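File shown here: work.csv, holding CSV, N, CA and C atoms.
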```csv
chain,number,residue,atom,x,y,z
A,1,MET,N,-119.1,40.3,96.7
A,1,MET,CA,-118.4,39.0,96.8
A,1,MET,C,-119.3,38.0,97.5
A,2,ILE,N,-119.2,36.8,97.0
A,2,ILE,CA,-120.1,35.7,97.6
A,2,ILE,C,-119.4,35.1,98.8
A,3,LYS,N,-120.1,35.0,99.9
A,3,LYS,CA,-119.6,34.4,101.1
A,3,LYS,C,-120.0,32.9,101.1
A,4,LEU,N,-119.0,32.1,101.4
A,4,LEU,CA,-119.3,30.6,101.4
A,4,LEU,C,-119.1,30.1,102.8
A,5,ASN,N,-119.8,30.7,103.7
A,5,ASN,CA,-119.8,30.2,105.1
A,5,ASN,C,-121.0,29.4,105.4
A,6,PHE,N,-121.0,28.8,106.6
A,6,PHE,CA,-122.1,28.0,107.0
A,6,PHE,C,-122.5,28.4,108.4
A,7,SER,N,-123.0,29.6,108.5
A,7,SER,CA,-123.3,30.2,109.8
A,7,SER,C,-124.6,29.6,110.4
A,8,ARG,N,-124.9,30.1,111.6
A,8,ARG,CA,-126.0,29.6,112.4
A,8,ARG,C,-127.4,29.8,111.6
A,9,GLU,N,-127.5,30.9,110.9
A,9,GLU,CA,-128.7,31.2,110.2
A,9,GLU,C,-129.0,30.3,109.0
A,10,LEU,N,-128.0,29.5,108.6
A,10,LEU,CA,-128.2,28.6,107.5
A,10,LEU,C,-128.5,27.2,108.0
A,11,ARG,N,-128.8,27.0,109.3
A,11,ARG,CA,-129.1,25.7,109.9
A,11,ARG,C,-130.5,25.6,110.4
A,12,LEU,N,-131.1,24.4,110.3
A,12,LEU,CA,-132.3,24.1,111.0
A,12,LEU,C,-131.9,23.7,112.4
A,13,LEU,N,-132.5,24.4,113.4
A,13,LEU,CA,-132.0,24.2,114.8
A,13,LEU,C,-133.1,23.6,115.7
A,14,THR,N,-134.3,23.9,115.5
A,14,THR,CA,-135.4,23.4,116.5
A,14,THR,C,-136.2,22.2,115.9
A,15,PRO,N,-136.8,21.4,116.7
A,15,PRO,CA,-137.6,20.4,116.2
A,15,PRO,C,-138.8,20.9,115.4
A,16,ALA,N,-139.3,22.1,115.7
A,16,ALA,CA,-140.4,22.7,114.9
A,16,ALA,C,-140.0,22.9,113.5
A,17,GLN,N,-138.7,23.4,113.3
A,17,GLN,CA,-138.2,23.6,112.0
A,17,GLN,C,-138.1,22.3,111.2
A,18,PHE,N,-137.7,21.3,111.8
A,18,PHE,CA,-137.6,20.0,111.1
A,18,PHE,C,-139.0,19.5,110.8
A,19,LYS,N,-139.9,19.6,111.8
A,19,LYS,CA,-141.3,19.1,111.6
A,19,LYS,C,-141.9,19.8,110.4
A,20,TYR,N,-141.7,21.1,110.2
A,20,TYR,CA,-142.2,21.8,109.1
A,20,TYR,C,-141.8,21.2,107.8
A,21,VAL,N,-140.6,20.8,107.7
A,21,VAL,CA,-140.1,20.1,106.4
A,21,VAL,C,-140.7,18.8,106.2
A,22,PHE,N,-140.8,18.0,107.3
A,22,PHE,CA,-141.3,16.6,107.2
A,22,PHE,C,-142.8,16.6,106.9
A,23,GLU,N,-143.6,17.7,107.1
A,23,GLU,CA,-145.0,17.6,106.9
A,23,GLU,C,-145.4,17.5,105.4
A,24,GLN,N,-144.8,18.3,104.5
A,24,GLN,CA,-145.1,18.3,103.1
A,24,GLN,C,-143.9,18.5,102.3
A,25,PRO,N,-143.0,17.6,102.2
A,25,PRO,CA,-141.7,17.8,101.6
A,25,PRO,C,-141.7,17.5,100.1
A,26,PHE,N,-140.8,18.1,99.4
A,26,PHE,CA,-140.4,17.6,98.0
A,26,PHE,C,-139.2,16.7,98.3
A,27,ARG,N,-139.3,15.5,97.6
A,27,ARG,CA,-138.3,14.5,97.9
A,27,ARG,C,-137.4,14.3,96.7
A,28,ALA,N,-136.1,14.0,97.0
A,28,ALA,CA,-135.1,13.6,96.0
A,28,ALA,C,-134.3,12.5,96.8
A,29,SER,N,-134.2,11.3,96.2
A,29,SER,CA,-133.6,10.2,97.0
A,29,SER,C,-132.9,9.2,96.1
A,30,THR,N,-132.0,8.5,96.7
A,30,THR,CA,-131.2,7.4,96.2
A,30,THR,C,-131.4,6.3,97.2
A,31,PRO,N,-130.9,5.1,97.0
A,31,PRO,CA,-131.1,4.0,98.0
A,31,PRO,C,-130.4,4.4,99.3
A,32,GLU,N,-129.4,5.2,99.3
A,32,GLU,CA,-128.7,5.5,100.6
A,32,GLU,C,-129.0,6.9,101.2
A,33,ILE,N,-129.6,7.8,100.4
A,33,ILE,CA,-129.8,9.1,100.9
A,33,ILE,C,-131.2,9.6,100.5
A,34,THR,N,-131.8,10.4,101.4
A,34,THR,CA,-133.1,11.1,101.0
A,34,THR,C,-132.8,12.6,101.4
A,35,LEU,N,-133.2,13.4,100.4
A,35,LEU,CA,-133.0,14.9,100.7
A,35,LEU,C,-134.4,15.5,100.5
A,36,LEU,N,-134.9,16.0,101.7
A,36,LEU,CA,-136.3,16.6,101.7
A,36,LEU,C,-136.1,18.1,101.6
A,37,ALA,N,-137.1,18.7,101.0
A,37,ALA,CA,-137.1,20.2,100.9
A,37,ALA,C,-138.5,20.7,101.0
A,38,ARG,N,-138.5,21.9,101.6
A,38,ARG,CA,-139.8,22.7,101.6
A,38,ARG,C,-139.5,24.2,101.6
A,39,LYS,N,-140.3,24.9,100.8
A,39,LYS,CA,-140.0,26.3,100.7
A,39,LYS,C,-140.1,27.0,102.0
A,40,ASN,N,-139.2,28.0,102.2
A,40,ASN,CA,-139.2,28.8,103.4
A,40,ASN,C,-139.5,30.2,103.1
A,41,ASN,N,-139.8,31.1,104.0
A,41,ASN,CA,-140.1,32.5,103.8
A,41,ASN,C,-138.8,33.4,103.9
A,42,LEU,N,-137.7,32.8,103.8
A,42,LEU,CA,-136.4,33.5,103.9
A,42,LEU,C,-135.8,33.7,102.5
A,43,GLU,N,-134.7,34.4,102.5
A,43,GLU,CA,-134.1,34.6,101.2
A,43,GLU,C,-132.9,33.7,100.9
A,44,HIS,N,-132.7,32.7,101.8
A,44,HIS,CA,-131.6,31.8,101.7
A,44,HIS,C,-132.0,30.4,102.1
A,45,PRO,N,-131.3,29.3,101.7
A,45,PRO,CA,-131.6,28.0,102.1
A,45,PRO,C,-131.1,27.7,103.5
A,46,ARG,N,-131.7,26.7,104.1
A,46,ARG,CA,-131.2,26.2,105.4
A,46,ARG,C,-131.1,24.7,105.4
A,47,LEU,N,-130.2,24.1,106.2
A,47,LEU,CA,-129.9,22.7,106.2
A,47,LEU,C,-130.1,22.1,107.6
A,48,GLY,N,-130.7,20.9,107.6
A,48,GLY,CA,-130.8,20.1,108.8
A,48,GLY,C,-130.3,18.7,108.5
A,49,LEU,N,-129.7,18.0,109.4
A,49,LEU,CA,-129.1,16.7,109.2
A,49,LEU,C,-129.7,15.7,110.2
A,50,THR,N,-130.0,14.5,109.6
A,50,THR,CA,-130.4,13.4,110.5
A,50,THR,C,-129.6,12.2,110.0
A,51,VAL,N,-128.6,11.7,110.9
A,51,VAL,CA,-127.8,10.5,110.6
A,51,VAL,C,-128.0,9.6,111.8
A,52,ALA,N,-128.7,8.6,111.7
A,52,ALA,CA,-129.1,7.7,112.8
A,52,ALA,C,-128.0,6.7,113.1
A,53,LYS,N,-127.9,6.4,114.4
A,53,LYS,CA,-127.0,5.3,114.8
A,53,LYS,C,-127.3,4.0,114.3
A,54,LYS,N,-128.6,3.9,113.9
A,54,LYS,CA,-129.1,2.6,113.4
A,54,LYS,C,-128.4,2.3,112.1
A,55,HIS,N,-128.0,3.3,111.3
A,55,HIS,CA,-127.4,3.1,110.0
A,55,HIS,C,-125.9,3.2,110.0
A,56,LEU,N,-125.3,4.0,110.9
A,56,LEU,CA,-123.9,4.1,111.1
A,56,LEU,C,-123.6,4.0,112.6
A,57,LYS,N,-123.0,2.9,113.0
A,57,LYS,CA,-122.8,2.7,114.4
A,57,LYS,C,-121.7,3.6,115.1
A,58,ARG,N,-120.7,3.8,114.3
A,58,ARG,CA,-119.5,4.6,114.9
A,58,ARG,C,-119.7,6.1,114.7
A,59,ALA,N,-119.4,6.8,115.7
A,59,ALA,CA,-119.5,8.3,115.7
A,59,ALA,C,-118.7,8.9,114.6
A,60,HIS,N,-117.5,8.4,114.4
A,60,HIS,CA,-116.6,9.0,113.4
A,60,HIS,C,-117.2,8.8,112.0
A,61,ASP,N,-118.0,7.7,111.7
A,61,ASP,CA,-118.6,7.5,110.5
A,61,ASP,C,-119.8,8.5,110.3
A,62,ARG,N,-120.6,8.7,111.3
A,62,ARG,CA,-121.7,9.7,111.3
A,62,ARG,C,-121.1,11.1,111.1
A,63,ASN,N,-120.0,11.4,111.8
A,63,ASN,CA,-119.4,12.7,111.6
A,63,ASN,C,-118.9,13.0,110.2
A,64,ARG,N,-118.3,11.9,109.6
A,64,ARG,CA,-117.8,12.0,108.2
A,64,ARG,C,-118.9,12.4,107.3
A,65,ILE,N,-120.0,11.7,107.4
A,65,ILE,CA,-121.2,12.0,106.5
A,65,ILE,C,-121.7,13.4,106.7
A,66,LYS,N,-121.9,13.8,108.0
A,66,LYS,CA,-122.4,15.1,108.2
A,66,LYS,C,-121.4,16.2,107.7
A,67,ARG,N,-120.1,16.0,107.9
A,67,ARG,CA,-119.1,16.9,107.4
A,67,ARG,C,-119.2,17.1,105.9
A,68,LEU,N,-119.3,16.0,105.2
A,68,LEU,CA,-119.4,16.0,103.7
A,68,LEU,C,-120.7,16.7,103.2
A,69,VAL,N,-121.8,16.5,103.9
A,69,VAL,CA,-123.1,17.1,103.6
A,69,VAL,C,-123.0,18.6,103.8
A,70,ARG,N,-122.4,19.0,105.0
A,70,ARG,CA,-122.3,20.5,105.3
A,70,ARG,C,-121.4,21.2,104.2
A,71,GLU,N,-120.3,20.5,103.9
A,71,GLU,CA,-119.4,21.1,102.9
A,71,GLU,C,-120.0,21.2,101.5
A,72,SER,N,-120.8,20.2,101.1
A,72,SER,CA,-121.5,20.3,99.8
A,72,SER,C,-122.5,21.4,99.9
A,73,PHE,N,-123.3,21.5,100.9
A,73,PHE,CA,-124.3,22.6,101.1
A,73,PHE,C,-123.6,24.0,101.1
A,74,ARG,N,-122.5,24.1,101.8
A,74,ARG,CA,-121.8,25.4,101.9
A,74,ARG,C,-121.4,25.8,100.5
A,75,LEU,N,-120.9,24.9,99.7
A,75,LEU,CA,-120.4,25.3,98.3
A,75,LEU,C,-121.6,25.5,97.3
A,76,SER,N,-122.7,24.9,97.6
A,76,SER,CA,-123.8,25.0,96.7
A,76,SER,C,-124.9,26.0,97.1
A,77,GLN,N,-124.8,26.6,98.3
A,77,GLN,CA,-125.8,27.4,98.9
A,77,GLN,C,-126.3,28.6,98.0
A,78,HIS,N,-125.5,29.1,97.2
A,78,HIS,CA,-125.9,30.3,96.4
A,78,HIS,C,-126.7,29.9,95.1
A,79,THR,N,-126.6,28.6,94.7
A,79,THR,CA,-127.4,28.1,93.6
A,79,THR,C,-128.7,27.5,94.0
A,80,LEU,N,-128.8,27.1,95.3
A,80,LEU,CA,-130.0,26.5,95.8
A,80,LEU,C,-131.2,27.4,96.0
A,81,PRO,N,-132.4,26.9,95.8
A,81,PRO,CA,-133.6,27.7,96.1
A,81,PRO,C,-133.7,28.0,97.6
A,82,ALA,N,-134.6,29.0,97.9
A,82,ALA,CA,-134.8,29.4,99.3
A,82,ALA,C,-135.7,28.3,99.9
A,83,CYS,N,-135.2,27.2,100.4
A,83,CYS,CA,-135.9,26.1,100.9
A,83,CYS,C,-135.2,25.7,102.2
A,84,ASP,N,-135.9,25.0,103.0
A,84,ASP,CA,-135.4,24.3,104.2
A,84,ASP,C,-135.1,22.8,103.7
A,85,PHE,N,-133.9,22.4,103.8
A,85,PHE,CA,-133.5,21.0,103.4
A,85,PHE,C,-133.2,20.2,104.6
A,86,VAL,N,-133.6,18.9,104.6
A,86,VAL,CA,-133.3,17.9,105.6
A,86,VAL,C,-132.7,16.7,104.9
A,87,PHE,N,-131.4,16.4,105.3
A,87,PHE,CA,-130.7,15.3,104.8
A,87,PHE,C,-131.0,14.1,105.7
A,88,VAL,N,-131.4,13.0,105.1
A,88,VAL,CA,-131.7,11.8,105.9
A,88,VAL,C,-130.9,10.7,105.4
A,89,ALA,N,-130.0,10.1,106.2
A,89,ALA,CA,-129.2,8.9,105.9
A,89,ALA,C,-130.0,7.7,106.0
A,90,LYS,N,-129.8,6.8,105.0
A,90,LYS,CA,-130.5,5.5,105.0
A,90,LYS,C,-129.4,4.3,105.0
A,91,ARG,N,-129.9,3.1,105.1
A,91,ARG,CA,-129.1,1.9,105.1
A,91,ARG,C,-128.1,1.9,104.0
A,92,GLY,N,-126.9,1.6,104.2
A,92,GLY,CA,-125.9,1.4,103.1
A,92,GLY,C,-125.1,2.7,102.9
A,93,ILE,N,-125.4,3.7,103.6
A,93,ILE,CA,-124.6,5.0,103.4
A,93,ILE,C,-123.2,4.9,103.7
A,94,GLY,N,-122.8,4.1,104.7
A,94,GLY,CA,-121.5,3.9,105.1
A,94,GLY,C,-120.6,3.2,104.1
A,95,LYS,N,-121.2,2.6,103.1
A,95,LYS,CA,-120.4,1.9,102.1
A,95,LYS,C,-119.9,2.8,101.0
A,96,LEU,N,-120.5,4.0,100.9
A,96,LEU,CA,-120.1,5.0,99.9
A,96,LEU,C,-118.8,5.6,100.2
A,97,ASP,N,-117.9,5.7,99.2
A,97,ASP,CA,-116.7,6.4,99.4
A,97,ASP,C,-117.0,7.9,99.2
A,98,ASN,N,-116.0,8.8,99.6
A,98,ASN,CA,-116.3,10.2,99.6
A,98,ASN,C,-116.6,10.8,98.2
A,99,ALA,N,-115.9,10.3,97.2
A,99,ALA,CA,-116.1,10.8,95.8
A,99,ALA,C,-117.5,10.5,95.4
A,100,THR,N,-117.9,9.2,95.5
A,100,THR,CA,-119.2,8.8,95.1
A,100,THR,C,-120.3,9.5,95.9
A,101,PHE,N,-120.1,9.7,97.2
A,101,PHE,CA,-121.0,10.4,98.0
A,101,PHE,C,-121.2,11.8,97.5
A,102,ARG,N,-120.1,12.5,97.2
A,102,ARG,CA,-120.2,13.9,96.8
A,102,ARG,C,-121.0,14.0,95.4
A,103,GLN,N,-120.7,13.1,94.5
A,103,GLN,CA,-121.4,13.1,93.2
A,103,GLN,C,-122.9,12.8,93.4
A,104,THR,N,-123.2,11.9,94.2
A,104,THR,CA,-124.6,11.6,94.5
A,104,THR,C,-125.4,12.8,95.1
A,105,LEU,N,-124.7,13.4,96.1
A,105,LEU,CA,-125.3,14.6,96.7
A,105,LEU,C,-125.5,15.7,95.7
A,106,GLU,N,-124.5,15.9,94.9
A,106,GLU,CA,-124.6,17.0,93.9
A,106,GLU,C,-125.8,16.7,92.9
A,107,LYS,N,-126.0,15.5,92.6
A,107,LYS,CA,-127.2,15.2,91.7
A,107,LYS,C,-128.5,15.5,92.4
A,108,LEU,N,-128.5,15.2,93.7
A,108,LEU,CA,-129.8,15.5,94.5
A,108,LEU,C,-130.0,17.0,94.6
A,109,TRP,N,-128.9,17.8,94.8
A,109,TRP,CA,-129.1,19.3,94.8
A,109,TRP,C,-129.6,19.7,93.5
A,110,GLN,N,-129.1,19.2,92.4
A,110,GLN,CA,-129.5,19.7,91.1
A,110,GLN,C,-131.0,19.3,90.9
A,111,ARG,N,-131.4,18.2,91.4
A,111,ARG,CA,-132.8,17.8,91.2
A,111,ARG,C,-133.7,18.7,92.0
A,112,HIS,N,-133.3,19.2,93.2
A,112,HIS,CA,-134.1,20.1,93.9
A,112,HIS,C,-134.1,21.5,93.2
A,113,ILE,N,-133.0,21.9,92.6
A,113,ILE,CA,-133.0,23.1,91.8
A,113,ILE,C,-134.1,23.1,90.7
A,114,ARG,N,-134.1,21.9,90.0
A,114,ARG,CA,-135.1,21.7,88.9
A,114,ARG,C,-136.5,21.7,89.4
A,115,LEU,N,-136.7,21.0,90.6
A,115,LEU,CA,-138.1,21.0,91.2
A,115,LEU,C,-138.5,22.4,91.6
A,116,ALA,N,-137.6,23.2,92.1
A,116,ALA,CA,-138.0,24.6,92.5
A,116,ALA,C,-138.3,25.5,91.3
A,117,GLN,N,-137.6,25.2,90.2
A,117,GLN,CA,-137.9,26.0,89.0
A,117,GLN,C,-139.2,25.7,88.4
A,118,LYS,N,-139.6,24.4,88.5
A,118,LYS,CA,-140.9,24.0,88.0
A,118,LYS,C,-142.1,24.6,88.8
A,119,SER,N,-141.9,24.7,90.1
A,119,SER,CA,-143.1,25.2,90.9
A,119,SER,C,-143.1,26.7,91.1
```

Step by step, read the file and then write its structure as structure tokens.
Amino acid sequence: MIKLNFSRELRLLTPAQFKYVFEQPFRASTPEITLLARKNNLEHPRLGLTVAKKHLKRAHDRNRIKRLVRESFRLSQHTLPACDFVFVAKRGIGKLDNATFRQTLEKLWQRHIRLAQKS
């Protein structure tokens, strides 16, 4: 049975883990979102989130974006390659409604799946 949890082992926790992804990432992006990925030596993907106050002033807006990204990752984790992913929010992300945001994020996950299959 497939577990759809988002436990601690599926998260990027330390600055060193984030730095590893930022050094040589595969990128997939839209004007509002950048999704960086880099292969890890584990058997499962991991996720890190960066949503700056610069782009979303209110905490509840930042929390909404992070909650939607975590939920999307949780549901897609078994189809994703064994990579460390870092989600980066950019200007204009607050203007996306939930449905549009989910569709955009799903396209970015699919792009990373294709990139992983090529390499």

So that I can check the surroundings of Lys53 (chain A), please list as a PDB file with N, CA and C atoms, keeping the file's coordinate frame every protein, DNA and RNA residue that reaches within 8 Å of it, counting only N, CA and C atoms and ignoring chain neighbours fewer than 5 positions away.
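Wrote it out as around.pdb, contents follow:
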```pdb
ATOM      1  N   ARG A  58    -120.700   3.800 114.300  1.00  0.00           N
ATOM      2  CA  ARG A  58    -119.500   4.600 114.900  1.00  0.00           C
ATOM      3  C   ARG A  58    -119.700   6.100 114.700  1.00  0.00           C
ATOM      4  N   ALA A  59    -119.400   6.800 115.700  1.00  0.00           N
ATOM      5  CA  ALA A  59    -119.500   8.300 115.700  1.00  0.00           C
ATOM      6  C   ALA A  59    -118.700   8.900 114.600  1.00  0.00           C
ATOM      7  N   ARG A  62    -120.600   8.700 111.300  1.00  0.00           N
ATOM      8  CA  ARG A  62    -121.700   9.700 111.300  1.00  0.00           C
ATOM      9  C   ARG A  62    -121.100  11.100 111.100  1.00  0.00           C
TER      10      ARG A  62
END
```

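Here CA of Leu35 (chain A) is placed at a distance of 6.6 Å from atom C of Val88 (chain A).
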
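The closest residue to Lys3 (chain A), picked from A:Ile33, A:Val86, A:His78, A:Lys118 and counting only N, CA and C atoms, is A:His78.
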
Tell me which protein, DNA and RNA residues are within 6 Å of region 79-85 of chain A, counting all atoms listed in the file, leaving out same-chain ones fewer than 2 positions away, and put them as a PDB file with N, CA and C atoms, keeping the file's coordinate frame.
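Listed below is the output, out-v4.pdb:
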```pdb
ATOM      1  N   LEU A  36    -134.900  16.000 101.700  1.00  0.00           N
ATOM      2  CA  LEU A  36    -136.300  16.600 101.700  1.00  0.00           C
ATOM      3  C   LEU A  36    -136.100  18.100 101.600  1.00  0.00           C
ATOM      4  N   ALA A  37    -137.100  18.700 101.000  1.00  0.00           N
ATOM      5  CA  ALA A  37    -137.100  20.200 100.900  1.00  0.00           C
ATOM      6  C   ALA A  37    -138.500  20.700 101.000  1.00  0.00           C
ATOM      7  N   ARG A  38    -138.500  21.900 101.600  1.00  0.00           N
ATOM      8  CA  ARG A  38    -139.800  22.700 101.600  1.00  0.00           C
ATOM      9  C   ARG A  38    -139.500  24.200 101.600  1.00  0.00           C
ATOM     10  N   LYS A  39    -140.300  24.900 100.800  1.00  0.00           N
ATOM     11  CA  LYS A  39    -140.000  26.300 100.700  1.00  0.00           C
ATOM     12  C   LYS A  39    -140.100  27.000 102.000  1.00  0.00           C
ATOM     13  N   ASN A  40    -139.200  28.000 102.200  1.00  0.00           N
ATOM     14  CA  ASN A  40    -139.200  28.800 103.400  1.00  0.00           C
ATOM     15  C   ASN A  40    -139.500  30.200 103.100  1.00  0.00           C
ATOM     16  N   LEU A  42    -137.700  32.800 103.800  1.00  0.00           N
ATOM     17  CA  LEU A  42    -136.400  33.500 103.900  1.00  0.00           C
ATOM     18  C   LEU A  42    -135.800  33.700 102.500  1.00  0.00           C
ATOM     19  N   GLU A  43    -134.700  34.400 102.500  1.00  0.00           N
ATOM     20  CA  GLU A  43    -134.100  34.600 101.200  1.00  0.00           C
ATOM     21  C   GLU A  43    -132.900  33.700 100.900  1.00  0.00           C
ATOM     22  N   HIS A  44    -132.700  32.700 101.800  1.00  0.00           N
ATOM     23  CA  HIS A  44    -131.600  31.800 101.700  1.00  0.00           C
ATOM     24  C   HIS A  44    -132.000  30.400 102.100  1.00  0.00           C
ATOM     25  N   PRO A  45    -131.300  29.300 101.700  1.00  0.00           N
ATOM     26  CA  PRO A  45    -131.600  28.000 102.100  1.00  0.00           C
ATOM     27  C   PRO A  45    -131.100  27.700 103.500  1.00  0.00           C
ATOM     28  N   ARG A  46    -131.700  26.700 104.100  1.00  0.00           N
ATOM     29  CA  ARG A  46    -131.200  26.200 105.400  1.00  0.00           C
ATOM     30  C   ARG A  46    -131.100  24.700 105.400  1.00  0.00           C
ATOM     31  N   LEU A  47    -130.200  24.100 106.200  1.00  0.00           N
ATOM     32  CA  LEU A  47    -129.900  22.700 106.200  1.00  0.00           C
ATOM     33  C   LEU A  47    -130.100  22.100 107.600  1.00  0.00           C
ATOM     34  N   GLY A  48    -130.700  20.900 107.600  1.00  0.00           N
ATOM     35  CA  GLY A  48    -130.800  20.100 108.800  1.00  0.00           C
ATOM     36  C   GLY A  48    -130.300  18.700 108.500  1.00  0.00           C
ATOM     37  N   SER A  76    -122.700  24.900  97.600  1.00  0.00           N
ATOM     38  CA  SER A  76    -123.800  25.000  96.700  1.00  0.00           C
ATOM     39  C   SER A  76    -124.900  26.000  97.100  1.00  0.00           C
ATOM     40  N   GLN A  77    -124.800  26.600  98.300  1.00  0.00           N
ATOM     41  CA  GLN A  77    -125.800  27.400  98.900  1.00  0.00           C
ATOM     42  C   GLN A  77    -126.300  28.600  98.000  1.00  0.00           C
ATOM     43  N   PHE A  87    -131.400  16.400 105.300  1.00  0.00           N
ATOM     44  CA  PHE A  87    -130.700  15.300 104.800  1.00  0.00           C
ATOM     45  C   PHE A  87    -131.000  14.100 105.700  1.00  0.00           C
ATOM     46  N   ILE A 113    -133.000  21.900  92.600  1.00  0.00           N
ATOM     47  CA  ILE A 113    -133.000  23.100  91.800  1.00  0.00           C
ATOM     48  C   ILE A 113    -134.100  23.100  90.700  1.00  0.00           C
TER      49      ILE A 113
END
```

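For the residues A:Glu106, A:Glu23, A:Glu9, A:Glu32, ranking by smallest atom-to-atom distance to Ser72 (chain A) using all atoms listed in the file places A:Glu106 first.
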
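The closest residue to Phe22 (chain A), picked from A:Asn5, A:Leu68, A:Gln117, A:Thr50 and counting only C-alpha atoms, is A:Thr50.
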
Report as a PDB file with N, CA and C atoms, in the frame of the given file: the residues of chain A with a DSSP assignment of strand (DSSP E or B), based on the backbone of this structure.
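Output below, filename part_22.pdb:
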```pdb
ATOM      1  N   ARG A  11    -128.800  27.000 109.300  1.00  0.00           N
ATOM      2  CA  ARG A  11    -129.100  25.700 109.900  1.00  0.00           C
ATOM      3  C   ARG A  11    -130.500  25.600 110.400  1.00  0.00           C
ATOM      4  N   PHE A  26    -140.800  18.100  99.400  1.00  0.00           N
ATOM      5  CA  PHE A  26    -140.400  17.600  98.000  1.00  0.00           C
ATOM      6  C   PHE A  26    -139.200  16.700  98.300  1.00  0.00           C
ATOM      7  N   ARG A  27    -139.300  15.500  97.600  1.00  0.00           N
ATOM      8  CA  ARG A  27    -138.300  14.500  97.900  1.00  0.00           C
ATOM      9  C   ARG A  27    -137.400  14.300  96.700  1.00  0.00           C
ATOM     10  N   ALA A  28    -136.100  14.000  97.000  1.00  0.00           N
ATOM     11  CA  ALA A  28    -135.100  13.600  96.000  1.00  0.00           C
ATOM     12  C   ALA A  28    -134.300  12.500  96.800  1.00  0.00           C
ATOM     13  N   SER A  29    -134.200  11.300  96.200  1.00  0.00           N
ATOM     14  CA  SER A  29    -133.600  10.200  97.000  1.00  0.00           C
ATOM     15  C   SER A  29    -132.900   9.200  96.100  1.00  0.00           C
ATOM     16  N   ILE A  33    -129.600   7.800 100.400  1.00  0.00           N
ATOM     17  CA  ILE A  33    -129.800   9.100 100.900  1.00  0.00           C
ATOM     18  C   ILE A  33    -131.200   9.600 100.500  1.00  0.00           C
ATOM     19  N   THR A  34    -131.800  10.400 101.400  1.00  0.00           N
ATOM     20  CA  THR A  34    -133.100  11.100 101.000  1.00  0.00           C
ATOM     21  C   THR A  34    -132.800  12.600 101.400  1.00  0.00           C
ATOM     22  N   LEU A  35    -133.200  13.400 100.400  1.00  0.00           N
ATOM     23  CA  LEU A  35    -133.000  14.900 100.700  1.00  0.00           C
ATOM     24  C   LEU A  35    -134.400  15.500 100.500  1.00  0.00           C
ATOM     25  N   LEU A  36    -134.900  16.000 101.700  1.00  0.00           N
ATOM     26  CA  LEU A  36    -136.300  16.600 101.700  1.00  0.00           C
ATOM     27  C   LEU A  36    -136.100  18.100 101.600  1.00  0.00           C
ATOM     28  N   ALA A  37    -137.100  18.700 101.000  1.00  0.00           N
ATOM     29  CA  ALA A  37    -137.100  20.200 100.900  1.00  0.00           C
ATOM     30  C   ALA A  37    -138.500  20.700 101.000  1.00  0.00           C
ATOM     31  N   ARG A  38    -138.500  21.900 101.600  1.00  0.00           N
ATOM     32  CA  ARG A  38    -139.800  22.700 101.600  1.00  0.00           C
ATOM     33  C   ARG A  38    -139.500  24.200 101.600  1.00  0.00           C
ATOM     34  N   LYS A  39    -140.300  24.900 100.800  1.00  0.00           N
ATOM     35  CA  LYS A  39    -140.000  26.300 100.700  1.00  0.00           C
ATOM     36  C   LYS A  39    -140.100  27.000 102.000  1.00  0.00           C
ATOM     37  N   ARG A  46    -131.700  26.700 104.100  1.00  0.00           N
ATOM     38  CA  ARG A  46    -131.200  26.200 105.400  1.00  0.00           C
ATOM     39  C   ARG A  46    -131.100  24.700 105.400  1.00  0.00           C
ATOM     40  N   LEU A  47    -130.200  24.100 106.200  1.00  0.00           N
ATOM     41  CA  LEU A  47    -129.900  22.700 106.200  1.00  0.00           C
ATOM     42  C   LEU A  47    -130.100  22.100 107.600  1.00  0.00           C
ATOM     43  N   GLY A  48    -130.700  20.900 107.600  1.00  0.00           N
ATOM     44  CA  GLY A  48    -130.800  20.100 108.800  1.00  0.00           C
ATOM     45  C   GLY A  48    -130.300  18.700 108.500  1.00  0.00           C
ATOM     46  N   LEU A  49    -129.700  18.000 109.400  1.00  0.00           N
ATOM     47  CA  LEU A  49    -129.100  16.700 109.200  1.00  0.00           C
ATOM     48  C   LEU A  49    -129.700  15.700 110.200  1.00  0.00           C
ATOM     49  N   THR A  50    -130.000  14.500 109.600  1.00  0.00           N
ATOM     50  CA  THR A  50    -130.400  13.400 110.500  1.00  0.00           C
ATOM     51  C   THR A  50    -129.600  12.200 110.000  1.00  0.00           C
ATOM     52  N   CYS A  83    -135.200  27.200 100.400  1.00  0.00           N
ATOM     53  CA  CYS A  83    -135.900  26.100 100.900  1.00  0.00           C
ATOM     54  C   CYS A  83    -135.200  25.700 102.200  1.00  0.00           C
ATOM     55  N   ASP A  84    -135.900  25.000 103.000  1.00  0.00           N
ATOM     56  CA  ASP A  84    -135.400  24.300 104.200  1.00  0.00           C
ATOM     57  C   ASP A  84    -135.100  22.800 103.700  1.00  0.00           C
ATOM     58  N   PHE A  85    -133.900  22.400 103.800  1.00  0.00           N
ATOM     59  CA  PHE A  85    -133.500  21.000 103.400  1.00  0.00           C
ATOM     60  C   PHE A  85    -133.200  20.200 104.600  1.00  0.00           C
ATOM     61  N   VAL A  86    -133.600  18.900 104.600  1.00  0.00           N
ATOM     62  CA  VAL A  86    -133.300  17.900 105.600  1.00  0.00           C
ATOM     63  C   VAL A  86    -132.700  16.700 104.900  1.00  0.00           C
ATOM     64  N   PHE A  87    -131.400  16.400 105.300  1.00  0.00           N
ATOM     65  CA  PHE A  87    -130.700  15.300 104.800  1.00  0.00           C
ATOM     66  C   PHE A  87    -131.000  14.100 105.700  1.00  0.00           C
ATOM     67  N   VAL A  88    -131.400  13.000 105.100  1.00  0.00           N
ATOM     68  CA  VAL A  88    -131.700  11.800 105.900  1.00  0.00           C
ATOM     69  C   VAL A  88    -130.900  10.700 105.400  1.00  0.00           C
ATOM     70  N   ALA A  89    -130.000  10.100 106.200  1.00  0.00           N
ATOM     71  CA  ALA A  89    -129.200   8.900 105.900  1.00  0.00           C
ATOM     72  C   ALA A  89    -130.000   7.700 106.000  1.00  0.00           C
TER      73      ALA A  89
END
```

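Atom pair CA of Glu71 (chain A) / atom C of Ser119 (chain A): separated by 27.1 Å.
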
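Remark: for Phe73 (chain A), the closest of the candidate residues A:Ala116, A:Ile2, A:Leu49, A:Ala16 is A:Leu49 (distances computed over only C-alpha atoms).
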